[in-house]
>>> print(open('start-v1.cif').read())   # mmCIF, C-alpha atoms and all ligand atoms
data_protein
#
loop_
_atom_site.label_atom_id
_atom_site.label_comp_id
_atom_site.auth_asym_id
_atom_site.auth_seq_id
_atom_site.Cartn_x
_atom_site.Cartn_y
_atom_site.Cartn_z
CA MET P 27 -20.42 16.54 3.36
CA THR P 28 -20.49 13.98 6.14
CA ASN P 29 -17.83 11.34 6.05
CA HIS P 30 -19.54 8.09 5.24
CA TYR P 31 -16.76 6.20 3.50
CA GLU P 32 -15.93 2.70 4.68
CA LEU P 33 -12.88 2.11 2.50
CA SER P 34 -10.38 4.38 0.74
CA LEU P 35 -8.26 2.83 -1.99
CA VAL P 36 -4.86 4.46 -2.45
CA ILE P 37 -3.12 3.79 -5.74
CA PRO P 38 0.28 5.25 -6.70
CA VAL P 39 0.62 5.99 -10.39
CA PHE P 40 3.82 6.64 -12.26
CA ASN P 41 3.44 6.40 -16.03
CA GLU P 42 0.59 3.91 -16.09
CA GLN P 43 -1.60 5.51 -18.77
CA ASP P 44 -2.65 2.22 -20.39
CA ASN P 45 -3.56 0.45 -17.15
CA LEU P 46 -5.80 2.93 -15.36
CA ARG P 47 -9.14 2.50 -17.15
CA LYS P 48 -9.07 -1.29 -16.85
CA LEU P 49 -7.99 -1.00 -13.21
CA MET P 50 -10.91 1.27 -12.38
CA GLN P 51 -13.31 -1.15 -14.10
CA GLU P 52 -11.90 -4.07 -12.13
CA ILE P 53 -12.18 -2.17 -8.84
CA ASP P 54 -15.74 -1.28 -9.67
CA SER P 55 -16.71 -4.89 -10.45
CA ALA P 56 -14.94 -6.20 -7.34
CA LEU P 57 -16.42 -3.73 -4.86
CA GLU P 58 -19.86 -2.87 -6.22
CA PRO P 59 -21.40 -6.20 -5.07
CA LEU P 60 -20.25 -5.53 -1.49
CA ALA P 61 -22.52 -2.51 -1.18
CA ILE P 62 -19.93 -0.59 0.84
CA SER P 63 -19.14 3.04 0.27
CA TYR P 64 -15.62 3.48 -0.98
CA GLU P 65 -13.46 6.03 -2.72
CA VAL P 66 -10.51 5.52 -5.03
CA ILE P 67 -7.64 7.95 -4.60
CA PHE P 68 -5.12 7.86 -7.42
CA VAL P 69 -1.86 9.55 -6.59
CA ASP P 70 -0.07 10.59 -9.75
CA ASP P 71 3.60 10.56 -8.81
CA GLY P 72 4.74 13.06 -11.45
CA SER P 73 3.92 10.95 -14.49
CA THR P 74 5.35 12.14 -17.78
CA ASP P 75 2.93 10.16 -19.97
CA ALA P 76 -0.83 10.72 -20.31
CA SER P 77 -1.67 9.24 -16.86
CA LEU P 78 -2.89 12.55 -15.48
CA ALA P 79 -5.21 13.09 -18.44
CA VAL P 80 -6.65 9.60 -17.94
CA LEU P 81 -7.09 10.24 -14.21
CA LYS P 82 -8.99 13.43 -15.00
CA GLU P 83 -11.23 11.45 -17.31
CA LEU P 84 -11.80 8.73 -14.69
CA SER P 85 -12.62 11.17 -11.91
CA ALA P 86 -15.16 12.81 -14.24
CA THR P 87 -16.71 9.43 -15.13
CA TYR P 88 -16.70 7.71 -11.75
CA THR P 89 -17.96 9.71 -8.77
CA LYS P 90 -15.94 7.41 -6.51
CA ALA P 91 -12.63 8.22 -8.19
CA ARG P 92 -10.44 11.22 -7.52
CA TYR P 93 -6.78 12.05 -7.91
CA ILE P 94 -3.98 14.17 -6.63
CA SER P 95 -1.00 14.86 -8.82
CA PHE P 96 2.56 15.60 -7.68
CA GLU P 97 4.62 18.29 -9.38
CA GLN P 98 7.48 15.84 -9.66
CA ASN P 99 8.20 12.15 -9.19
CA ARG P 100 8.71 11.58 -5.47
CA GLY P 101 8.58 7.80 -5.21
CA GLN P 102 6.08 5.17 -4.20
CA SER P 103 6.37 5.80 -0.43
CA ALA P 104 5.60 9.50 -0.87
CA ALA P 105 2.66 8.66 -3.13
CA PHE P 106 1.24 6.20 -0.59
CA CYS P 107 1.59 8.73 2.25
CA ALA P 108 -0.10 11.49 0.25
CA GLY P 109 -2.96 9.07 -0.33
CA PHE P 110 -3.15 8.18 3.37
CA ASP P 111 -3.48 11.89 4.18
CA GLU P 112 -6.28 12.26 1.63
CA ALA P 113 -8.23 9.18 2.77
CA ARG P 114 -11.66 9.78 4.26
CA ALA P 115 -12.41 6.23 5.39
CA PRO P 116 -11.21 4.55 8.62
CA ARG P 117 -9.42 1.89 6.56
CA VAL P 118 -7.25 2.20 3.48
CA ALA P 119 -6.51 -0.40 0.83
CA THR P 120 -3.35 -0.03 -1.23
CA MET P 121 -2.49 -1.61 -4.56
CA ASP P 122 -0.33 -1.04 -7.61
CA ALA P 123 -1.72 0.61 -10.70
CA ASP P 124 -0.26 -1.84 -13.22
CA LEU P 125 -2.90 -4.57 -12.67
CA GLN P 126 -0.37 -6.96 -11.11
CA ASN P 127 -2.59 -6.93 -7.99
CA ASP P 128 -6.13 -8.16 -8.46
CA PRO P 129 -8.94 -6.05 -6.95
CA ALA P 130 -11.02 -9.26 -6.81
CA ASP P 131 -8.97 -10.20 -3.73
CA LEU P 132 -10.29 -7.23 -1.78
CA PRO P 133 -13.61 -8.69 -0.53
CA ALA P 134 -11.90 -11.65 1.20
CA MET P 135 -9.26 -9.32 2.64
CA LEU P 136 -11.96 -7.02 3.98
CA ARG P 137 -13.76 -9.93 5.62
CA LEU P 138 -10.57 -10.95 7.39
CA TYR P 139 -9.87 -7.35 8.39
CA ASN P 140 -13.31 -7.08 9.93
CA GLU P 141 -12.58 -10.10 12.11
CA GLY P 142 -10.45 -7.77 14.21
CA HIS P 143 -7.16 -6.98 12.49
CA GLN P 144 -5.73 -3.57 11.69
CA MET P 145 -3.67 -4.78 8.76
CA ILE P 146 -4.17 -7.43 6.11
CA ILE P 147 -1.30 -8.07 3.78
CA GLY P 148 -1.38 -10.03 0.56
CA TRP P 149 0.96 -12.93 -0.08
CA ARG P 150 1.68 -13.43 -3.78
CA MET P 151 2.03 -17.20 -3.74
CA LYS P 152 2.56 -17.41 -7.48
CA ARG P 153 4.57 -14.37 -8.47
CA ARG P 154 4.23 -13.40 -12.10
CA ASP P 155 7.51 -11.54 -12.42
CA VAL P 156 10.80 -12.32 -14.11
CA TRP P 157 12.91 -14.92 -12.23
CA ILE P 158 15.52 -12.42 -11.05
CA LYS P 159 12.85 -10.34 -9.36
CA ARG P 160 11.28 -13.40 -7.74
CA ILE P 161 14.60 -14.55 -6.31
CA ALA P 162 15.61 -11.05 -5.19
CA SER P 163 12.27 -10.68 -3.44
CA LYS P 164 12.65 -14.05 -1.66
CA ILE P 165 16.11 -13.10 -0.41
CA ALA P 166 14.97 -9.62 0.62
CA ASN P 167 12.02 -11.09 2.56
CA ALA P 168 14.26 -13.58 4.35
CA ILE P 169 16.84 -10.96 5.39
CA ARG P 170 14.15 -8.46 6.35
CA ASN P 171 12.32 -11.04 8.45
CA ARG P 172 15.49 -12.11 10.19
CA LEU P 173 16.62 -8.62 11.12
CA THR P 174 13.20 -7.30 12.08
CA ARG P 175 12.23 -10.61 13.75
CA GLU P 176 9.16 -11.03 11.62
CA SER P 177 7.74 -13.92 9.66
CA VAL P 178 5.86 -12.01 6.98
CA LYS P 179 5.74 -13.97 3.73
CA ASP P 180 5.64 -11.05 1.32
CA THR P 181 6.21 -7.54 2.68
CA GLY P 182 6.60 -6.19 -0.84
CA CYS P 183 3.05 -7.00 -1.88
CA SER P 184 1.28 -3.68 -2.38
CA LEU P 185 -2.16 -5.18 -1.87
CA LYS P 186 -2.93 -4.37 1.75
CA ILE P 187 -5.70 -3.06 3.97
CA MET P 188 -4.71 -0.93 6.94
CA ASP P 189 -6.19 1.16 9.70
CA THR P 190 -5.99 4.75 8.44
CA GLU P 191 -5.09 6.36 11.77
CA MET P 192 -2.34 3.86 12.45
CA VAL P 193 -0.78 4.08 9.03
CA ARG P 194 -0.75 7.87 9.24
CA ALA P 195 1.19 7.66 12.49
CA ILE P 196 4.11 5.52 11.29
CA PRO P 197 7.53 7.03 10.49
CA ARG P 198 7.76 8.33 6.94
CA PHE P 199 10.79 7.89 4.74
CA ASN P 200 11.63 6.96 1.20
CA GLY P 201 11.30 3.17 1.06
CA MET P 202 9.01 2.81 4.07
CA HIS P 203 6.38 1.05 1.96
CA ARG P 204 8.59 -2.07 2.06
CA PHE P 205 8.36 -2.26 5.84
CA LEU P 206 4.71 -1.57 6.51
CA PRO P 207 3.97 -4.76 8.52
CA THR P 208 6.79 -4.00 10.98
CA LEU P 209 5.89 -0.32 11.20
CA MET P 210 2.21 -1.10 11.68
CA LYS P 211 2.96 -3.65 14.40
CA MET P 212 4.84 -0.92 16.24
CA GLN P 213 1.54 0.99 16.26
CA GLY P 214 -0.08 -2.02 17.89
CA ALA P 215 -1.69 -3.46 14.77
CA SER P 216 -2.69 -7.08 14.56
CA VAL P 217 -1.42 -8.19 11.15
CA ALA P 218 -2.83 -11.11 9.14
CA GLU P 219 -1.75 -12.46 5.78
CA VAL P 220 -3.85 -13.80 2.98
CA LYS P 221 -2.92 -15.51 -0.30
CA VAL P 222 -3.62 -13.28 -3.27
CA ASN P 223 -3.57 -13.49 -7.02
CA HIS P 224 -0.66 -11.95 -8.92
CA ARG P 225 -0.56 -11.18 -12.59
CA ALA P 226 1.96 -10.12 -15.16
CA ARG P 227 2.23 -6.35 -15.60
CA HIS P 228 -0.58 -5.36 -17.98
CA GLN P 229 1.08 -2.50 -19.88
CA GLY P 230 4.13 -0.29 -19.37
CA GLU P 231 7.37 -1.04 -17.56
CA SER P 232 8.54 -1.83 -14.05
CA LYS P 233 9.93 1.28 -12.36
CA TYR P 234 12.56 -0.57 -10.37
CA GLY P 235 15.88 -2.22 -11.15
CA THR P 236 16.60 -5.36 -9.11
CA ILE P 237 20.06 -4.28 -7.91
CA ASP P 238 19.04 -0.70 -7.05
CA ARG P 239 16.09 -1.94 -5.07
CA ALA P 240 18.22 -4.47 -3.19
CA ILE P 241 20.71 -1.76 -2.22
CA ALA P 242 18.03 0.73 -1.14
CA GLY P 243 16.12 -1.97 0.73
CA SER P 244 19.20 -3.14 2.66
CA TYR P 245 20.10 0.40 3.65
CA ASP P 246 16.56 1.09 4.88
CA LEU P 247 16.57 -2.17 6.79
CA PHE P 248 19.16 -0.84 9.22
CA GLY P 249 17.06 2.24 9.80
CA VAL P 250 13.97 0.18 10.47
CA ARG P 251 15.89 -2.12 12.78
CA TRP P 252 17.07 0.94 14.70
CA ILE P 253 13.58 2.45 14.91
CA GLN P 254 12.27 -0.90 16.08
CA SER P 255 14.90 -1.26 18.78
CA ARG P 256 14.19 2.27 20.10
CA HIS P 257 10.44 1.95 19.93
CA PHE P 258 8.34 2.72 23.00
CA SER P 259 4.69 2.52 23.82
CA TYR P 260 2.76 3.57 26.90
CA LYS P 261 -0.68 3.30 28.39
CA VAL P 262 -2.15 6.23 30.30
CA LYS P 263 -3.29 5.16 33.78
CA GLU P 264 -5.25 8.33 34.53
CA ARG P 265 -5.32 11.99 33.71
CA SER P 266 -6.53 15.16 35.45
CA GLU P 267 -9.94 16.58 34.65
CA ASP P 268 -10.17 19.19 31.94
CA ASN P 269 -10.55 22.50 33.88
CA SER P 270 -10.81 24.83 30.93
N1 LIG U 1 5.29 3.90 -8.66
C1 LIG U 1 5.17 5.22 -8.23
N2 LIG U 1 6.30 5.98 -8.19
C2 LIG U 1 7.53 5.50 -8.48
C3 LIG U 1 7.64 4.14 -8.87
C4 LIG U 1 6.50 3.36 -8.95
O1 LIG U 1 4.07 5.70 -7.96
O2 LIG U 1 8.50 6.26 -8.41
C5 LIG U 1 4.07 3.07 -8.74
C6 LIG U 1 3.85 2.36 -10.07
O3 LIG U 1 3.16 3.19 -10.99
C7 LIG U 1 3.04 1.16 -9.65
C8 LIG U 1 3.62 0.83 -8.29
O4 LIG U 1 4.21 2.03 -7.81
O5 LIG U 1 1.66 1.47 -9.52
C9 LIG U 1 4.63 -0.30 -8.33
O6 LIG U 1 5.61 -0.05 -9.30
P1 LIG U 1 6.12 -1.17 -10.32
O7 LIG U 1 4.96 -1.93 -10.86
O8 LIG U 1 7.01 -0.53 -11.33
O9 LIG U 1 6.98 -2.12 -9.37
P2 LIG U 1 7.20 -3.69 -9.53
O10 LIG U 1 5.85 -4.33 -9.61
O11 LIG U 1 7.96 -3.87 -10.79
O12 LIG U 1 7.95 -4.08 -8.31
MG MG U 2 4.33 -3.89 -10.85
#
>>> encode(input="start-v1.cif", output="structure tokens")
Amino acid sequence: MTNHYELSLVIPVFNEQDNLRKLMQEIDSALEPLAISYEVIFVDDGSTDASLAVLKELSATYTKARYISFEQNRGQSAAFCAGFDEARAPRVATMDADLQNDPADLPAMLRLYNEGHQMIIGWRMKRRDVWIKRIASKIANAIRNRLTRESVKDTGCSLKIMDTEMVRAIPRFNGMHRFLPTLMKMQGASVAEVKVNHRARHQGESKYGTIDRAIAGSYDLFGVRWIQSRHFSYKVKERSEDNS
């Protein structure tokens, strides 16, 4: 089959059985009017509920939907990366499976992307999370921005569109999904932000504790700072002819 996809959606799923059908419907209604060819790649990160059964049902119902399923829970970064490897389109869109992100934001993000950026990142202006999470996220953003010398409003927003080749080339580690703007810039990406809708979790529970996430995020920050400080890029001036 020739590769004709214009957009691959990558969606990590860990115990989201009651969100997936509605999510697929929302994606369908948001993207169908655009008349672009897209695929939806659900990455089941070792769910222990009925998520996998629902994903099987969805991939049988919607030709655009497919899934891969991990043997065990490996975390959101691993799930994203597995999806990036599976993607068949030159650009990938990422979002959470719990309906906190709104697929209706995708068309505007795509328009901005097509103006010449390699990454569009959502900014959840009105976060619909508990206060502790909102404050923790504000502090984390501020510290992250200071140390990585960025000014990204909301690195933690999963709703993003990225150049597939670039995002495949960034360093991979547990927690990397919180640093995608910095890592993508190191690949030479032009990054733009756009205000997006944010909703309360539809069903199920958050997979993260505020304190645990703050500790993991701070630890990773030093790694990212180090990678950033040791980063190099080069441009080839010329090369010899291929003699083979
Ligand atoms: N997720 C995952 N593996 C994990 C933890 C989370 O695939 O180990 C998925 C989860 O199913 C959801 C997304 O990552 O689609 C974000 O998780 P969650 O909504 O719990 O995070 P929060 O919105 O509370 O920060
Ligand atoms: Mg969530």
>>> residues_near_ligand(input="start-v1.cif", ligand="ligand MG 2 (chain U)", cutoff="6 Å", atoms="only C-alpha atoms and all ligand atoms", output="MDAnalysis selection string")
chainID P and resid 124 126 227 232
>>> axis_aligned_box(input="start-v1.cif", around="ligand LIG 1 (chain U)", padding_each_side="4 Å", output="AutoDock Vina command-line options")
--center_x 5.1 --center_y 1.0 --center_z -9.6 --size_x 14.8 --size_y 18.6 --size_z 11.5
>>> closest_residue(input="start-v1.cif", among="P:Leu132, P:Met212, P:Met50, P:Val156", to="ligand LIG 1 (chain U)", atoms="only C-alpha atoms and all ligand atoms")
P:Val156
>>> closest_residue(input="start-v1.cif", among="P:Lys159, P:Arg172, P:Lys211, P:His257", to="ligand LIG 1 (chain U)", atoms="only C-alpha atoms and all ligand atoms")
P:Lys159
>>> closest_residue(input="start-v1.cif", among="P:Phe248, P:Phe106, P:Tyr88, P:Tyr31", to="ligand LIG 1 (chain U)", atoms="all atoms listed in the file")
P:Phe106
>>> closest_residue(input="start-v1.cif", among="P:Met210, P:Ala134, P:Met188, P:Leu46", to="Phe68 in chain P", atoms="only C-alpha atoms")
P:Leu46
>>> residues_near_ligand(input="start-v1.cif", ligand="ligand LIG 1 (chain U)", cutoff="7 Å", atoms="all atoms listed in the file", output="list in words")
Ile37, Pro38, Val39, Phe40, Asn41, Glu42, Asp70, Asp71, Asn99, Arg100, Gly101, Gln102, Ala105, Asp122, Ala123, Asp124, Gln126, Glu231, Ser232, Lys233 and Tyr234 of chain P
>>> atom_distance(input="start-v1.cif", atom1="CA of Gly142 in chain P", atom2="CA of Val217 in chain P")
9.5 Å
>>> residues_around(input="start-v1.cif", residues="range 235-242 of chain P", least_positions_apart="6", cutoff="8 Å", atoms="all atoms listed in the file", output="short mmCIF file (atom, residue, chain, number, x, y, z; two decimals) with C-alpha atoms, in the coordinates of the input")
data_model
loop_
_atom_site.label_atom_id
_atom_site.label_comp_id
_atom_site.auth_asym_id
_atom_site.auth_seq_id
_atom_site.Cartn_x
_atom_site.Cartn_y
_atom_site.Cartn_z
CA ILE P 158 15.52 -12.42 -11.05
CA LYS P 159 12.85 -10.34 -9.36
CA ALA P 162 15.61 -11.05 -5.19
CA ALA P 166 14.97 -9.62 0.62
CA GLY P 201 11.30 3.17 1.06
#
>>> closest_residue(input="start-v1.cif", among="P:Val262, P:Leu173, P:Met121, P:Val220", to="Met151 in chain P", atoms="all atoms listed in the file")
P:Val220
>>> closest_residue(input="start-v1.cif", among="P:Gln43, P:Cys183, P:Pro133, P:His228", to="Pro59 in chain P", atoms="all atoms listed in the file")
P:Pro133
>>> residues_around(input="start-v1.cif", residues="Trp149 in chain P", least_positions_apart="6", cutoff="6 Å", atoms="all atoms listed in the file", output="ChimeraX atom specification")
/P:180,220-222
>>> atom_distance(input="start-v1.cif", atom1="CA of Ser85 in chain P", atom2="CA of Gln229 in chain P")
20.9 Å
>>> atom_distance(input="start-v1.cif", atom1="CA of Gly109 in chain P", atom2="CA of Val36 in chain P")
5.4 Å
>>> residues_around(input="start-v1.cif", residues="Ala215 in chain P", least_positions_apart="4", cutoff="10 Å", atoms="only C-alpha atoms", output="PyMOL selection string")
chain P and resi 142-146+188-189+192-193+207-211
>>> residues_around(input="start-v1.cif", residues="Lys152 in chain P", least_positions_apart="6", cutoff="9 Å", atoms="all atoms listed in the file", output="ChimeraX atom specification")
/P:222-225
>>> residues_around(input="start-v1.cif", residues="Pro116 in chain P", least_positions_apart="4", cutoff="7 Å", atoms="all atoms listed in the file", output="compact mmCIF listing (two decimals) with C-alpha atoms, in the coordinates of the input")
# COMPACT_ATOMS: atom_id res chain seq x y z
CA GLU P 32 -15.93 2.70 4.68
CA LEU P 33 -12.88 2.11 2.50
CA ASP P 189 -6.19 1.16 9.70
CA THR P 190 -5.99 4.75 8.44
>>> decode(input="start-v1.cif", residues="range 197-215 of chain P", atoms="N, CA, C and O atoms", output="PDB file, in the first residue's frame")
ATOM      1  N   PRO P 197      16.324  12.382  21.646  1.00  0.00           N
ATOM      2  CA  PRO P 197      16.713  11.389  22.651  1.00  0.00           C
ATOM      3  C   PRO P 197      15.489  10.821  23.361  1.00  0.00           C
ATOM      4  O   PRO P 197      14.545  11.561  23.654  1.00  0.00           O
ATOM      5  N   ARG P 198      15.540   9.530  23.627  1.00  0.00           N
ATOM      6  CA  ARG P 198      14.396   8.859  24.258  1.00  0.00           C
ATOM      7  C   ARG P 198      14.716   8.458  25.678  1.00  0.00           C
ATOM      8  O   ARG P 198      15.724   7.817  25.931  1.00  0.00           O
ATOM      9  N   PHE P 199      13.878   8.850  26.583  1.00  0.00           N
ATOM     10  CA  PHE P 199      14.022   8.430  27.985  1.00  0.00           C
ATOM     11  C   PHE P 199      12.676   8.590  28.666  1.00  0.00           C
ATOM     12  O   PHE P 199      11.802   9.340  28.182  1.00  0.00           O
ATOM     13  N   ASN P 200      12.539   7.911  29.777  1.00  0.00           N
ATOM     14  CA  ASN P 200      11.301   7.965  30.531  1.00  0.00           C
ATOM     15  C   ASN P 200      11.089   9.399  31.031  1.00  0.00           C
ATOM     16  O   ASN P 200      11.939   9.905  31.751  1.00  0.00           O
ATOM     17  N   GLY P 201      10.043  10.043  30.610  1.00  0.00           N
ATOM     18  CA  GLY P 201       9.797  11.425  31.041  1.00  0.00           C
ATOM     19  C   GLY P 201      10.062  12.440  29.948  1.00  0.00           C
ATOM     20  O   GLY P 201       9.810  13.633  30.111  1.00  0.00           O
ATOM     21  N   MET P 202      10.597  11.979  28.831  1.00  0.00           N
ATOM     22  CA  MET P 202      10.952  12.895  27.727  1.00  0.00           C
ATOM     23  C   MET P 202       9.748  13.662  27.189  1.00  0.00           C
ATOM     24  O   MET P 202       9.899  14.755  26.662  1.00  0.00           O
ATOM     25  N   HIS P 203       8.542  13.087  27.355  1.00  0.00           N
ATOM     26  CA  HIS P 203       7.370  13.747  26.777  1.00  0.00           C
ATOM     27  C   HIS P 203       7.094  15.101  27.431  1.00  0.00           C
ATOM     28  O   HIS P 203       6.345  15.894  26.901  1.00  0.00           O
ATOM     29  N   ARG P 204       7.730  15.359  28.589  1.00  0.00           N
ATOM     30  CA  ARG P 204       7.547  16.669  29.235  1.00  0.00           C
ATOM     31  C   ARG P 204       8.504  17.727  28.694  1.00  0.00           C
ATOM     32  O   ARG P 204       8.431  18.883  29.087  1.00  0.00           O
ATOM     33  N   PHE P 205       9.395  17.319  27.803  1.00  0.00           N
ATOM     34  CA  PHE P 205      10.405  18.258  27.311  1.00  0.00           C
ATOM     35  C   PHE P 205      10.410  18.350  25.788  1.00  0.00           C
ATOM     36  O   PHE P 205      11.404  18.745  25.188  1.00  0.00           O
ATOM     37  N   LEU P 206       9.326  17.970  25.184  1.00  0.00           N
ATOM     38  CA  LEU P 206       9.325  17.887  23.716  1.00  0.00           C
ATOM     39  C   LEU P 206       9.653  19.204  23.005  1.00  0.00           C
ATOM     40  O   LEU P 206      10.378  19.179  22.018  1.00  0.00           O
ATOM     41  N   PRO P 207       9.173  20.377  23.476  1.00  0.00           N
ATOM     42  CA  PRO P 207       9.541  21.600  22.750  1.00  0.00           C
ATOM     43  C   PRO P 207      11.060  21.818  22.713  1.00  0.00           C
ATOM     44  O   PRO P 207      11.620  22.117  21.657  1.00  0.00           O
ATOM     45  N   THR P 208      11.721  21.634  23.851  1.00  0.00           N
ATOM     46  CA  THR P 208      13.181  21.801  23.898  1.00  0.00           C
ATOM     47  C   THR P 208      13.873  20.784  23.004  1.00  0.00           C
ATOM     48  O   THR P 208      14.768  21.123  22.225  1.00  0.00           O
ATOM     49  N   LEU P 209      13.439  19.534  23.099  1.00  0.00           N
ATOM     50  CA  LEU P 209      14.093  18.479  22.316  1.00  0.00           C
ATOM     51  C   LEU P 209      13.849  18.671  20.820  1.00  0.00           C
ATOM     52  O   LEU P 209      14.727  18.409  19.999  1.00  0.00           O
ATOM     53  N   MET P 210      12.674  19.149  20.470  1.00  0.00           N
ATOM     54  CA  MET P 210      12.367  19.397  19.058  1.00  0.00           C
ATOM     55  C   MET P 210      13.150  20.601  18.536  1.00  0.00           C
ATOM     56  O   MET P 210      13.596  20.607  17.394  1.00  0.00           O
ATOM     57  N   LYS P 211      13.322  21.616  19.360  1.00  0.00           N
ATOM     58  CA  LYS P 211      14.111  22.781  18.932  1.00  0.00           C
ATOM     59  C   LYS P 211      15.543  22.365  18.641  1.00  0.00           C
ATOM     60  O   LYS P 211      16.192  22.887  17.744  1.00  0.00           O
ATOM     61  N   MET P 212      16.048  21.409  19.429  1.00  0.00           N
ATOM     62  CA  MET P 212      17.405  20.928  19.178  1.00  0.00           C
ATOM     63  C   MET P 212      17.516  20.249  17.821  1.00  0.00           C
ATOM     64  O   MET P 212      18.590  20.163  17.242  1.00  0.00           O
ATOM     65  N   GLN P 213      16.396  19.769  17.309  1.00  0.00           N
ATOM     66  CA  GLN P 213      16.380  19.171  15.953  1.00  0.00           C
ATOM     67  C   GLN P 213      16.196  20.252  14.887  1.00  0.00           C
ATOM     68  O   GLN P 213      16.107  19.948  13.705  1.00  0.00           O
ATOM     69  N   GLY P 214      16.063  21.483  15.323  1.00  0.00           N
ATOM     70  CA  GLY P 214      15.902  22.584  14.371  1.00  0.00           C
ATOM     71  C   GLY P 214      14.450  22.969  14.120  1.00  0.00           C
ATOM     72  O   GLY P 214      14.161  23.716  13.182  1.00  0.00           O
ATOM     73  N   ALA P 215      13.552  22.472  14.945  1.00  0.00           N
ATOM     74  CA  ALA P 215      12.124  22.755  14.706  1.00  0.00           C
ATOM     75  C   ALA P 215      11.760  24.187  15.070  1.00  0.00           C
ATOM     76  O   ALA P 215      12.242  24.719  16.071  1.00  0.00           O
TER      77      ALA P 215
END
